[in-house]
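**Student:** Questions regarding the structure given below will be posed in turn.
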Amino acid sequence: MSITIKGDTFTTFEDLWETSNLTQAEKDEIQLKIALVGKLIEAREQKGISQKRLAEMSGLKQPAIARLERMQATPQIDTLFKVLKPLGYTLAIVPDRQTQTRGFTGQTHEKMIQHKEP
């Protein structure tokens, strides 16, 4: 399967990603959002919590959780804390090993969400 965008045909996401006009900073932001939302969904599912239940636990509405998980909304930091806390997680600022070794050209986002033991 392929997709044509503005006259260019792409057969894989990598083709699109590598030839896009996105800056490295924009790509880094997208990767951070994907990692963050992916971890949130993973944590919710591992705990067996529905979107509706997470909404109740965090003081949000279920459609807001759904929009966040579909990446249709960019949450404020306080909203992230509200959603992550019932899942046993928090946000943390940690050194970026890639930035330290090769300059600010890309980031690893695995450590941005940290599990907190109760």
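Identifiers in the structure tokens: chain A, B, ... in order shown; residue index from 1 per chain; ligand index from 1 in order shown.
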I need the strand (DSSP E) residues of chain A per DSSP on the backbone, written as a list in words.

**Tutor:**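 For chain A, the strand (DSSP E) set is Ile3, Thr4, Ile5, Asp8, Thr9, Phe10, Tyr89, Thr90, Leu91, Ile113, Gln114 and His115 of chain A.
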
**Student:** Go ahead and save the residues from that selection, with C-alpha atoms, as a CSV table (one decimal), in the first residue's frame.

**Tutor:**
```csv
chain,number,residue,atom,x,y,z
A,3,ILE,CA,0.0,7.0,-0.2
A,4,THR,CA,0.5,10.1,-2.3
A,5,ILE,CA,0.9,13.5,-0.6
A,8,ASP,CA,5.1,12.4,-3.7
A,9,THR,CA,4.3,8.7,-3.2
A,10,PHE,CA,5.4,7.0,0.0
A,89,TYR,CA,3.5,7.6,37.5
A,90,THR,CA,4.9,11.1,37.5
A,91,LEU,CA,6.9,13.3,35.1
A,113,ILE,CA,7.7,9.2,32.7
A,114,GLN,CA,8.8,7.4,35.9
A,115,HIS,CA,6.9,4.9,37.9
```

**Student:** Would you pick out the contacts of segment 63-72 of chain A at 7 Å or less, using only C-alpha atoms, so that residues sharing its chain but fewer than 5 positions from it are not included, and give the list as a list in words?

**Tutor:**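 After dropping sequence-adjacent residues, the list is Val37, Ile41, Gln51 and Ala55 of chain A.
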
**Student:** Pull the helix (DSSP H, G or I) assignments for chain A out of DSSP run on the backbone, and list those residues as a PyMOL selection string.

**Tutor:** chain A and resi 13-19+24-46+51-58+62-69+77-87+97-102

**Student:** What is the distance between atom CA of Asp78 of chain A and atom CA of Gly48 of chain A, in Å to one decimal?

**Tutor:**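 Interatomic distance, atom CA of Asp78 of chain A to atom CA of Gly48 of chain A: 23.5 Å.
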
**Student:** Just how far from atom CA of Val83 of chain A is atom CA of Glu56 of chain A, in Å to one decimal?

**Tutor:**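 Between these atoms lies a distance of 9.9 Å.
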
**Student:** In Å to one decimal, how far is atom CA of Lys82 of chain A from atom CA of Ile49 of chain A?

**Tutor:**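 For atom CA of Ile49 of chain A relative to atom CA of Lys82 of chain A, the distance reads 14.8 Å.
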
**Student:** Using only C-alpha atoms, which of A:Leu16, A:Leu54, A:Ile77, A:Ala92 sits nearest Leu40 of chain A?

**Tutor:**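 Once distances to Leu40 of chain A are computed over only C-alpha atoms, the minimum belongs to A:Leu54.
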
**Student:** Tell me which of A:Leu87, A:Leu32, A:Met1, A:Ala25 sits closest to Arg53 of chain A, counting only C-alpha atoms.

**Tutor:**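 Going through A:Leu87, A:Leu32, A:Met1, A:Ala25 one by one, the smallest distance to Arg53 of chain A is for A:Leu87.
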